[in-house]
file my_file.pdb (PDB, C-alpha atoms)
ATOM      1  CA  MET N   1       0.000   0.000   0.000
ATOM      2  CA  LYS N   2       1.306   3.368  -0.943
ATOM      3  CA  SER N   3       1.106   6.047   1.689
ATOM      4  CA  THR N   4       1.919   9.671   1.204
ATOM      5  CA  ASN N   5       3.861  11.974   3.415
ATOM      6  CA  LEU N   6       5.397  15.386   3.116
ATOM      7  CA  LEU N   7       8.982  14.478   3.954
ATOM      8  CA  ILE N   8      10.357  11.096   2.908
ATOM      9  CA  GLY N   9      11.146  10.883  -0.776
ATOM     10  CA  SER N  10      10.487  14.574  -1.330
ATOM     11  CA  PRO N  11      13.111  17.235  -2.047
ATOM     12  CA  MET N  12      13.175  19.423   1.064
ATOM     13  CA  GLU N  13      14.365  22.979   1.391
ATOM     14  CA  ARG N  14      16.574  23.348   4.447
ATOM     15  CA  VAL N  15      15.271  25.672   7.130
ATOM     16  CA  GLU N  16      18.767  26.939   8.015
ATOM     17  CA  ASP N  17      19.676  28.011   4.472
ATOM     18  CA  PRO N  18      18.082  31.514   4.501
ATOM     19  CA  ARG N  19      20.144  32.682   7.472
ATOM     20  CA  PHE N  20      23.397  31.266   6.084
ATOM     21  CA  LEU N  21      22.733  32.748   2.646
ATOM     22  CA  ARG N  22      22.046  36.190   4.083
ATOM     23  CA  GLY N  23      25.074  36.272   6.371
ATOM     24  CA  ARG N  24      23.120  35.715   9.566
ATOM     25  CA  GLY N  25      24.674  32.411  10.594
ATOM     26  CA  GLN N  26      26.442  32.102  13.927
ATOM     27  CA  PHE N  27      29.623  30.054  14.242
ATOM     28  CA  VAL N  28      31.951  29.390  17.155
ATOM     29  CA  ALA N  29      34.222  32.193  15.944
ATOM     30  CA  ASP N  30      31.284  34.607  16.292
ATOM     31  CA  VAL N  31      30.748  33.797  19.973
ATOM     32  CA  ASN N  32      31.985  36.607  22.194
ATOM     33  CA  ARG N  33      31.018  36.251  25.828
ATOM     34  CA  LYS N  34      32.218  38.285  28.767
ATOM     35  CA  GLY N  35      35.319  36.720  30.304
ATOM     36  CA  GLN N  36      35.731  34.344  27.386
ATOM     37  CA  LEU N  37      39.177  32.765  27.003
ATOM     38  CA  HIS N  38      40.854  31.419  23.884
ATOM     39  CA  ALA N  39      42.846  28.196  23.534
ATOM     40  CA  VAL N  40      45.517  27.543  20.923
ATOM     41  CA  ILE N  41      47.302  24.221  20.464
ATOM     42  CA  LEU N  42      51.024  23.717  19.951
ATOM     43  CA  ARG N  43      51.520  20.844  17.520
ATOM     44  CA  SER N  44      54.409  18.601  16.608
ATOM     45  CA  SER N  45      56.402  19.484  13.505
ATOM     46  CA  VAL N  46      57.963  16.016  13.279
ATOM     47  CA  ALA N  47      56.365  12.645  12.508
ATOM     48  CA  HIS N  48      58.104  10.734  15.278
ATOM     49  CA  GLY N  49      60.268  12.021  18.045
ATOM     50  CA  ARG N  50      61.192  11.980  21.692
ATOM     51  CA  ILE N  51      60.269  15.106  23.610
ATOM     52  CA  ARG N  52      63.310  16.000  25.626
ATOM     53  CA  ARG N  53      61.858  19.142  27.104
ATOM     54  CA  ILE N  54      58.844  21.432  26.898
ATOM     55  CA  ASP N  55      59.204  24.700  28.790
ATOM     56  CA  GLY N  56      56.194  26.998  28.929
ATOM     57  CA  THR N  57      57.657  29.460  31.463
ATOM     58  CA  ASP N  58      58.126  32.377  29.043
ATOM     59  CA  ALA N  59      54.728  31.736  27.485
ATOM     60  CA  LEU N  60      53.060  31.759  30.892
ATOM     61  CA  ASN N  61      54.792  35.052  31.770
ATOM     62  CA  LEU N  62      53.293  36.821  28.751
ATOM     63  CA  PRO N  63      50.577  39.209  30.020
ATOM     64  CA  GLY N  64      47.132  37.861  29.275
ATOM     65  CA  VAL N  65      48.157  34.199  29.320
ATOM     66  CA  ARG N  66      46.155  32.203  31.873
ATOM     67  CA  ALA N  67      47.543  28.701  31.454
ATOM     68  CA  VAL N  68      50.039  26.611  29.524
ATOM     69  CA  ILE N  69      49.035  22.958  29.721
ATOM     70  CA  THR N  70      51.263  20.022  28.808
ATOM     71  CA  ALA N  71      51.068  16.276  29.469
ATOM     72  CA  ARG N  72      52.802  16.877  32.810
ATOM     73  CA  ASP N  73      49.741  18.790  34.007
ATOM     74  CA  LEU N  74      47.426  15.862  33.280
ATOM     75  CA  GLY N  75      48.639  13.682  36.151
ATOM     76  CA  PRO N  76      50.997  10.703  36.294
ATOM     77  CA  ASN N  77      48.918   8.724  33.795
ATOM     78  CA  VAL N  78      48.014  10.879  30.809
ATOM     79  CA  PRO N  79      44.506   9.848  29.689
ATOM     80  CA  CYS N  80      44.271   8.308  26.225
ATOM     81  CA  ILE N  81      41.605   9.258  23.705
ATOM     82  CA  PRO N  82      39.067   6.408  23.578
ATOM     83  CA  LEU N  83      38.131   4.717  20.307
ATOM     84  CA  ARG N  84      34.475   5.579  20.140
ATOM     85  CA  LEU N  85      33.302   3.876  16.957
ATOM     86  CA  GLN N  86      35.313   0.640  17.017
ATOM     87  CA  PRO N  87      36.656   0.015  20.499
ATOM     88  CA  LEU N  88      38.573  -3.163  19.554
ATOM     89  CA  PRO N  89      40.679  -4.517  22.407
ATOM     90  CA  GLU N  90      43.690  -5.095  20.102
ATOM     91  CA  LEU N  91      43.737  -1.386  19.298
ATOM     92  CA  GLU N  92      43.906  -0.377  22.951
ATOM     93  CA  PRO N  93      47.737  -0.211  23.108
ATOM     94  CA  PHE N  94      47.771   2.192  20.149
ATOM     95  CA  ARG N  95      45.456   4.853  21.550
ATOM     96  CA  GLN N  96      46.931   8.335  21.489
ATOM     97  CA  PRO N  97      47.361  10.409  24.624
ATOM     98  CA  MET N  98      45.343  13.617  25.006
ATOM     99  CA  LEU N  99      48.606  15.536  24.880
ATOM    100  CA  ALA N 100      51.925  14.105  23.680
ATOM    101  CA  ASP N 101      53.501  12.368  26.648
ATOM    102  CA  GLY N 102      57.256  12.066  26.194
ATOM    103  CA  LYS N 103      56.865  11.224  22.519
ATOM    104  CA  VAL N 104      55.217  12.531  19.389
ATOM    105  CA  ARG N 105      53.873  10.060  16.846
ATOM    106  CA  PHE N 106      52.554  12.183  13.975
ATOM    107  CA  VAL N 107      52.977  15.649  12.481
ATOM    108  CA  GLY N 108      50.404  17.854  14.156
ATOM    109  CA  GLU N 109      50.107  15.868  17.385
ATOM    110  CA  PRO N 110      49.058  18.248  20.166
ATOM    111  CA  MET N 111      51.920  18.903  22.603
ATOM    112  CA  ALA N 112      50.639  21.859  24.618
ATOM    113  CA  VAL N 113      47.574  24.067  24.999
ATOM    114  CA  VAL N 114      47.808  27.781  25.703
ATOM    115  CA  VAL N 115      44.806  29.522  27.240
ATOM    116  CA  ALA N 116      44.787  33.321  27.045
ATOM    117  CA  GLU N 117      42.520  36.354  27.101
ATOM    118  CA  SER N 118      42.638  36.676  23.312
ATOM    119  CA  ALA N 119      43.450  34.365  20.416
ATOM    120  CA  ALA N 120      46.266  36.727  19.385
ATOM    121  CA  ILE N 121      47.915  36.557  22.806
ATOM    122  CA  ALA N 122      47.556  32.767  22.845
ATOM    123  CA  GLU N 123      49.212  32.535  19.423
ATOM    124  CA  ASP N 124      52.045  34.824  20.506
ATOM    125  CA  ALA N 125      52.541  32.726  23.631
ATOM    126  CA  LEU N 126      52.718  29.573  21.536
ATOM    127  CA  GLU N 127      55.893  30.925  19.916
ATOM    128  CA  LEU N 128      57.456  31.339  23.345
ATOM    129  CA  ILE N 129      57.135  27.681  24.315
ATOM    130  CA  GLU N 130      60.540  26.059  24.136
ATOM    131  CA  VAL N 131      60.435  22.543  22.742
ATOM    132  CA  ASP N 132      63.351  20.189  22.313
ATOM    133  CA  ILE N 133      62.500  17.121  20.248
ATOM    134  CA  GLU N 134      64.877  14.349  19.270
ATOM    135  CA  SER N 135      63.731  13.055  15.871
ATOM    136  CA  LEU N 136      63.210   9.298  15.566
ATOM    137  CA  PRO N 137      62.764   7.221  12.391
ATOM    138  CA  ALA N 138      59.383   7.962  10.855
ATOM    139  CA  VAL N 139      57.050   5.076  10.056
ATOM    140  CA  THR N 140      55.376   5.705   6.709
ATOM    141  CA  GLY N 141      53.602   2.427   5.989
ATOM    142  CA  ARG N 142      52.027  -0.467   7.853
ATOM    143  CA  VAL N 143      54.225  -3.263   6.527
ATOM    144  CA  ASP N 144      57.342  -1.168   6.117
ATOM    145  CA  GLY N 145      56.745   0.095   9.591
ATOM    146  CA  ALA N 146      56.988  -3.402  10.981
ATOM    147  CA  ALA N 147      60.135  -4.122   8.965
ATOM    148  CA  ASP N 148      61.719  -0.818   9.928
ATOM    149  CA  ALA N 149      60.853  -1.480  13.512
ATOM    150  CA  ALA N 150      62.643  -4.806  13.448
ATOM    151  CA  ALA N 151      65.654  -3.309  11.716
ATOM    152  CA  ALA N 152      66.004  -0.274  13.873
ATOM    153  CA  LYS N 153      64.978  -2.193  16.980
ATOM    154  CA  ALA N 154      63.249   0.109  19.414
ATOM    155  CA  GLU N 155      63.943   3.286  17.471
ATOM    156  CA  ALA N 156      60.968   3.133  15.118
ATOM    157  CA  ILE N 157      58.526   1.587  17.574
ATOM    158  CA  LEU N 158      55.720   4.056  18.168
ATOM    159  CA  PHE N 159      54.380   2.493  21.346
ATOM    160  CA  ALA N 160      57.096   0.869  23.447
ATOM    161  CA  GLN N 161      54.673  -1.349  25.340
ATOM    162  CA  SER N 162      53.404  -3.030  22.149
ATOM    163  CA  LEU N 163      56.881  -3.931  20.746
ATOM    164  CA  ARG N 164      55.579  -3.492  17.206
ATOM    165  CA  ASN N 165      53.740  -0.927  15.115
ATOM    166  CA  CYS N 166      50.931  -3.164  13.890
ATOM    167  CA  GLN N 167      49.214  -6.334  15.035
ATOM    168  CA  LYS N 168      49.572  -8.365  11.835
ATOM    169  CA  ASN N 169      52.069  -8.112   9.017
TER     170      ASN N 169
ATOM    171  CA  MET I 170      41.929  42.121   0.830
ATOM    172  CA  LEU I 171      42.900  44.836   3.271
ATOM    173  CA  ALA I 172      40.331  47.506   4.120
ATOM    174  CA  VAL I 173      42.571  50.278   2.697
ATOM    175  CA  GLN I 174      42.564  48.545  -0.682
ATOM    176  CA  ALA I 175      38.813  49.180  -0.844
ATOM    177  CA  GLU I 176      39.159  52.938  -0.259
ATOM    178  CA  GLY I 177      36.815  54.861  -2.511
ATOM    179  CA  GLU I 178      35.128  51.674  -3.683
ATOM    180  CA  LYS I 179      31.609  50.452  -3.104
ATOM    181  CA  VAL I 180      31.532  47.406  -0.815
ATOM    182  CA  ILE I 181      28.699  44.880  -0.967
ATOM    183  CA  THR I 182      28.491  42.338   1.831
ATOM    184  CA  VAL I 183      26.412  39.171   1.915
ATOM    185  CA  GLU I 184      24.014  40.982   4.241
ATOM    186  CA  GLY I 185      23.620  43.750   1.666
ATOM    187  CA  LEU I 186      22.709  41.603  -1.318
ATOM    188  CA  SER I 187      19.016  42.011  -0.609
ATOM    189  CA  ASN I 188      17.146  44.597   1.412
ATOM    190  CA  ASP I 189      14.238  42.443   2.448
ATOM    191  CA  ASP I 190      13.875  38.915   3.802
ATOM    192  CA  ALA I 191      13.551  37.373   0.351
ATOM    193  CA  LEU I 192      16.500  35.550  -1.199
ATOM    194  CA  THR I 193      18.040  36.949  -4.381
ATOM    195  CA  PRO I 194      17.922  34.611  -7.407
ATOM    196  CA  LEU I 195      21.574  33.710  -6.708
ATOM    197  CA  GLN I 196      20.863  32.882  -3.065
ATOM    198  CA  ALA I 197      17.736  30.943  -4.053
ATOM    199  CA  ALA I 198      19.790  28.928  -6.558
ATOM    200  CA  PHE I 199      22.262  28.039  -3.793
ATOM    201  CA  ARG I 200      19.394  26.787  -1.679
ATOM    202  CA  LYS I 201      17.792  24.866  -4.527
ATOM    203  CA  HIS I 202      21.016  23.104  -5.541
ATOM    204  CA  HIS I 203      22.134  22.329  -1.964
ATOM    205  CA  ALA I 204      25.194  24.481  -2.556
ATOM    206  CA  LEU I 205      25.719  24.869   1.176
ATOM    207  CA  GLN I 206      25.677  22.642   4.196
ATOM    208  CA  CYS I 207      27.374  24.114   7.262
ATOM    209  CA  GLY I 208      27.234  27.595   5.746
ATOM    210  CA  PHE I 209      30.679  28.773   6.838
ATOM    211  CA  CYS I 210      32.015  29.410   3.320
ATOM    212  CA  THR I 211      28.663  30.577   1.972
ATOM    213  CA  PRO I 212      29.052  34.374   2.376
ATOM    214  CA  GLY I 213      32.339  34.229   0.444
ATOM    215  CA  MET I 214      30.919  31.952  -2.233
ATOM    216  CA  VAL I 215      27.777  34.054  -2.716
ATOM    217  CA  THR I 216      29.531  37.446  -2.820
ATOM    218  CA  THR I 217      32.264  36.132  -5.122
ATOM    219  CA  ALA I 218      29.659  34.665  -7.470
ATOM    220  CA  HIS I 219      27.691  37.929  -7.294
ATOM    221  CA  ALA I 220      30.781  39.934  -8.270
ATOM    222  CA  LEU I 221      31.512  37.561 -11.134
ATOM    223  CA  LEU I 222      27.998  37.475 -12.574
ATOM    224  CA  SER I 223      27.584  41.236 -12.209
ATOM    225  CA  HIS I 224      30.457  41.661 -14.661
ATOM    226  CA  GLU I 225      30.256  38.430 -16.627
ATOM    227  CA  PRO I 226      26.676  37.127 -16.696
ATOM    228  CA  LYS I 227      27.662  34.653 -19.385
ATOM    229  CA  ALA I 228      30.564  33.080 -17.459
ATOM    230  CA  ASP I 229      30.914  29.375 -18.260
ATOM    231  CA  ALA I 230      31.544  26.543 -15.807
ATOM    232  CA  ASP I 231      35.333  26.783 -16.148
ATOM    233  CA  ARG I 232      35.260  30.497 -15.456
ATOM    234  CA  VAL I 233      32.991  29.984 -12.414
ATOM    235  CA  ARG I 234      35.360  27.338 -11.042
ATOM    236  CA  GLU I 235      38.352  29.586 -11.631
ATOM    237  CA  VAL I 236      36.800  32.550  -9.817
ATOM    238  CA  LEU I 237      35.526  30.455  -6.889
ATOM    239  CA  SER I 238      38.864  28.683  -6.499
ATOM    240  CA  GLY I 239      39.958  31.139  -3.821
ATOM    241  CA  ASN I 240      37.204  29.873  -1.494
ATOM    242  CA  LEU I 241      37.347  26.547   0.287
ATOM    243  CA  CYS I 242      34.252  24.448   0.985
ATOM    244  CA  ARG I 243      34.549  21.287   3.052
ATOM    245  CA  CYS I 244      30.913  20.199   2.744
ATOM    246  CA  THR I 245      29.586  20.274  -0.786
ATOM    247  CA  GLY I 246      32.341  19.061  -3.094
ATOM    248  CA  TYR I 247      31.812  22.282  -5.127
ATOM    249  CA  ILE I 248      29.679  20.746  -7.873
ATOM    250  CA  PRO I 249      26.357  22.030  -6.464
ATOM    251  CA  ILE I 250      27.915  25.479  -5.982
ATOM    252  CA  VAL I 251      28.968  25.654  -9.626
ATOM    253  CA  GLU I 252      25.510  24.433 -10.675
ATOM    254  CA  ALA I 253      23.842  27.105  -8.551
ATOM    255  CA  VAL I 254      25.997  29.884  -9.983
ATOM    256  CA  LEU I 255      25.385  28.694 -13.539
ATOM    257  CA  GLU I 256      21.638  28.690 -12.955
ATOM    258  CA  ALA I 257      21.730  32.188 -11.460
ATOM    259  CA  ARG I 258      23.295  33.555 -14.661
ATOM    260  CA  ALA I 259      19.821  33.996 -16.168
ATOM    261  CA  ALA I 260      18.839  36.513 -13.482
ATOM    262  CA  TYR I 261      21.988  38.577 -14.072
ATOM    263  CA  ALA I 262      21.524  38.464 -17.840
ATOM    264  CA  ASP I 263      17.972  39.795 -17.416
ATOM    265  CA  GLU I 264      19.306  42.537 -15.179
ATOM    266  CA  GLU I 265      21.834  43.544 -17.817
ATOM    267  CA  GLU I 266      19.150  43.790 -20.475
ATOM    268  CA  THR I 267      16.817  45.941 -18.398
ATOM    269  CA  SER I 268      19.477  48.328 -17.140
TER     270      SER I 268
END
call {"tool": "encode", "arguments": {"input": "my_file.pdb", "output": "structure tokens"}}
result
Amino acid sequence: MKSTNLLIGSPMERVEDPRFLRGRGQFVADVNRKGQLHAVILRSSVAHGRIRRIDGTDALNLPGVRAVITARDLGPNVPCIPLRLQPLPELEPFRQPMLADGKVRFVGEPMAVVVAESAAIAEDALELIEVDIESLPAVTGRVDGAADAAAAKAEAILFAQSLRNCQKN
Amino acid sequence: MLAVQAEGEKVITVEGLSNDDALTPLQAAFRKHHALQCGFCTPGMVTTAHALLSHEPKADADRVREVLSGNLCRCTGYIPIVEAVLEARAAYADEEETS
């Protein structure tokens, strides 16, 4: 039996389009509340490396900066980001920490968060964070990664506790 | 563009494309063709297309793509945007004839 309705199977005009098309949309960047703070993230420039030192002292001393947060501020055990869609137990050892903890494992991995009274101050403060990273061999493929790992022993291993970079070759 | 570069020029913003609550033919074409999703790039896309069609109401698809290439859209894949702009050409051509 065929039933009719106004929605399913019919081309619908979106209710939000008029405001977007006339420049009346509101995005996060448009939010400006009293006392609002801005966070900017310092990211790794190398694919794989050991963090020898992160020093946020100068950044924190910049007027307007409220906090410089690194893995050290997250307690002795830095929480890992859970796998929400496919929480497979074999992937557990490969979860990434909320902030790089002693190591970075991809270009762009968050290493520190600066919170300041304006985005501009936070970005300026980011430049003042001193980071010393010792580059390690980068793993650029799943199979090669395993081979490299064996060849270079521990050097190319991303997660020391797993002894290898993938579960199956 | 820096504000000083617009000195002495007329500036049209996305808010200024129409004076009432109705959508212009260009804006209506965007809506019809689903040329927007999150809406973040839309003001830039619409004003850029408006500037193009105001001068070149017969612009072809390649020209539309070239002019819009300075704007990034992460939602639509661009094809609906180009389709919307191409459809809106008729309204600008009419405008040219009557003016």
call {"tool": "closest_atom_pairs", "arguments": {"input": "my_file.pdb", "of": "chain I", "to": "chain N", "cutoff": "12 Å", "atoms": "all atoms listed in the file", "output": "tab-separated table"}}
result
residue	atom	partner	partner_atom	distance
I:Ile181	CA	N:Gly23	CA	11.9
I:Thr182	CA	N:Gly23	CA	8.3
I:Val183	CA	N:Gly23	CA	5.5
I:Glu184	CA	N:Arg22	CA	5.2
I:Gly185	CA	N:Arg22	CA	8.1
I:Leu186	CA	N:Arg22	CA	7.7
I:Ser187	CA	N:Arg22	CA	8.1
I:Asn188	CA	N:Arg22	CA	10.1
I:Asp189	CA	N:Arg22	CA	10.1
I:Asp190	CA	N:Pro18	CA	8.5
I:Ala191	CA	N:Pro18	CA	8.5
I:Leu192	CA	N:Pro18	CA	7.2
I:Thr193	CA	N:Arg22	CA	9.4
I:Pro194	CA	N:Leu21	CA	11.3
I:Leu195	CA	N:Leu21	CA	9.5
I:Gln196	CA	N:Leu21	CA	6.0
I:Ala197	CA	N:Leu21	CA	8.6
I:Ala198	CA	N:Leu21	CA	10.4
I:Phe199	CA	N:Leu21	CA	8.0
I:Arg200	CA	N:Asp17	CA	6.3
I:Lys201	CA	N:Glu13	CA	7.1
I:His202	CA	N:Glu13	CA	9.6
I:His203	CA	N:Glu13	CA	8.5
I:Ala204	CA	N:Asp17	CA	9.6
I:Leu205	CA	N:Asp17	CA	7.6
I:Gln206	CA	N:Asp17	CA	8.1
I:Cys207	CA	N:Phe20	CA	8.3
I:Gly208	CA	N:Phe20	CA	5.3
I:Phe209	CA	N:Phe27	CA	7.6
I:Cys210	CA	N:Phe20	CA	9.2
I:Thr211	CA	N:Leu21	CA	6.4
I:Pro212	CA	N:Gly23	CA	5.9
I:Gly213	CA	N:Gly23	CA	9.6
I:Met214	CA	N:Leu21	CA	9.6
I:Val215	CA	N:Leu21	CA	7.5
I:Thr216	CA	N:Leu21	CA	9.9
call {"tool": "closest_residue", "arguments": {"input": "my_file.pdb", "among": "I:Val180, I:Ala220, I:Ala230, I:Val236", "to": "Ala253 in chain I", "atoms": "all atoms listed in the file"}}
result
I:Ala230
call {"tool": "resolve_selection", "arguments": {"input": "my_file.pdb", "expression": "the PyMOL selection byres ((chain N and resi 105-118) around 6)", "output": "ChimeraX atom specification"}}
result
/N:37-48,64-70,99-100,104,119-122
call {"tool": "atom_distance", "arguments": {"input": "my_file.pdb", "atom1": "CA of Leu91 in chain N", "atom2": "CA of Gln161 in chain N"}}
result
12.5 Å
call {"tool": "resolve_selection", "arguments": {"input": "my_file.pdb", "expression": "the PyMOL selection byres ((chain N and resi 57) around 10)", "output": "number ranges by chain"}}
result
N: 54-56, 58-62, 68, 125, 128-130
call {"tool": "resolve_selection", "arguments": {"input": "my_file.pdb", "expression": "the PyMOL selection byres ((chain N and resi 102) around 8)", "output": "PyMOL selection string"}}
result
chain N and resi 50-52+100-101+103-104
call {"tool": "axis_aligned_box", "arguments": {"input": "my_file.pdb", "around": "range 173-183 of chain I", "padding_each_side": "4 Å", "output": "lines of an AutoDock Vina configuration file"}}
result
center_x = 34.5
center_y = 47.0
center_z = -0.5
size_x = 24.2
size_y = 23.7
size_z = 14.4
call {"tool": "atom_distance", "arguments": {"input": "my_file.pdb", "atom1": "CA of Gly35 in chain N", "atom2": "CA of Ala172 in chain I"}}
result
28.8 Å
call {"tool": "atom_distance", "arguments": {"input": "my_file.pdb", "atom1": "CA of Pro137 in chain N", "atom2": "CA of Arg72 in chain N"}}
result
24.7 Å
call {"tool": "closest_residue", "arguments": {"input": "my_file.pdb", "among": "N:Phe159, N:Val31, N:Ser10, N:Gly49", "to": "Glu134 in chain N", "atoms": "all atoms listed in the file"}}
result
N:Gly49
call {"tool": "build_atoms", "arguments": {"input": "my_file.pdb", "residues": "range 96-104 of chain N", "atoms": "all heavy atoms", "output": "short mmCIF file (atom, residue, chain, number, x, y, z; two decimals), in the frame of the given file"}}
result
data_model
loop_
_atom_site.label_atom_id
_atom_site.label_comp_id
_atom_site.auth_asym_id
_atom_site.auth_seq_id
_atom_site.Cartn_x
_atom_site.Cartn_y
_atom_site.Cartn_z
N GLN N 96 46.04 7.20 21.31
CA GLN N 96 46.93 8.34 21.49
C GLN N 96 46.59 9.10 22.76
O GLN N 96 45.42 9.21 23.14
CB GLN N 96 46.89 9.25 20.27
CG GLN N 96 45.58 10.01 20.12
CD GLN N 96 45.62 10.91 18.89
OE1 GLN N 96 45.41 10.45 17.77
NE2 GLN N 96 45.88 12.17 19.10
N PRO N 97 47.62 9.62 23.41
CA PRO N 97 47.36 10.41 24.62
C PRO N 97 46.70 11.75 24.27
O PRO N 97 46.82 12.23 23.15
CB PRO N 97 48.75 10.64 25.20
CG PRO N 97 49.68 10.50 24.04
CD PRO N 97 49.04 9.53 23.09
N MET N 98 46.01 12.33 25.24
CA MET N 98 45.34 13.62 25.01
C MET N 98 46.35 14.69 24.61
O MET N 98 46.08 15.52 23.75
CB MET N 98 44.58 14.05 26.26
CG MET N 98 43.36 13.21 26.54
SD MET N 98 42.66 13.55 28.16
CE MET N 98 42.14 15.23 27.94
N LEU N 99 47.50 14.66 25.26
CA LEU N 99 48.61 15.54 24.88
C LEU N 99 49.85 14.66 24.83
O LEU N 99 50.00 13.75 25.65
CB LEU N 99 48.81 16.66 25.91
CG LEU N 99 47.78 17.79 25.91
CD1 LEU N 99 48.01 18.71 27.11
CD2 LEU N 99 47.84 18.59 24.62
N ALA N 100 50.73 14.93 23.85
CA ALA N 100 51.92 14.10 23.68
C ALA N 100 52.66 13.94 25.01
O ALA N 100 52.96 14.92 25.69
CB ALA N 100 52.84 14.74 22.64
N ASP N 101 52.92 12.69 25.35
CA ASP N 101 53.50 12.37 26.65
C ASP N 101 54.88 11.74 26.43
O ASP N 101 54.99 10.53 26.27
CB ASP N 101 52.56 11.39 27.38
CG ASP N 101 53.07 11.04 28.77
OD1 ASP N 101 53.89 11.80 29.31
OD2 ASP N 101 52.64 9.99 29.30
N GLY N 102 55.90 12.58 26.36
CA GLY N 102 57.26 12.07 26.19
C GLY N 102 57.63 11.80 24.75
O GLY N 102 58.80 11.80 24.39
N LYS N 103 56.62 11.56 23.91
CA LYS N 103 56.86 11.22 22.52
C LYS N 103 55.83 11.88 21.63
O LYS N 103 54.70 12.12 22.07
CB LYS N 103 56.71 9.70 22.33
CG LYS N 103 58.00 8.94 22.20
CD LYS N 103 57.69 7.51 21.78
CE LYS N 103 58.72 7.05 20.78
NZ LYS N 103 58.40 5.73 20.24
N VAL N 104 56.23 12.16 20.39
CA VAL N 104 55.22 12.53 19.39
C VAL N 104 55.20 11.45 18.32
O VAL N 104 56.24 10.86 18.01
CB VAL N 104 55.49 13.92 18.75
CG1 VAL N 104 55.19 15.02 19.73
CG2 VAL N 104 56.91 14.02 18.23
#
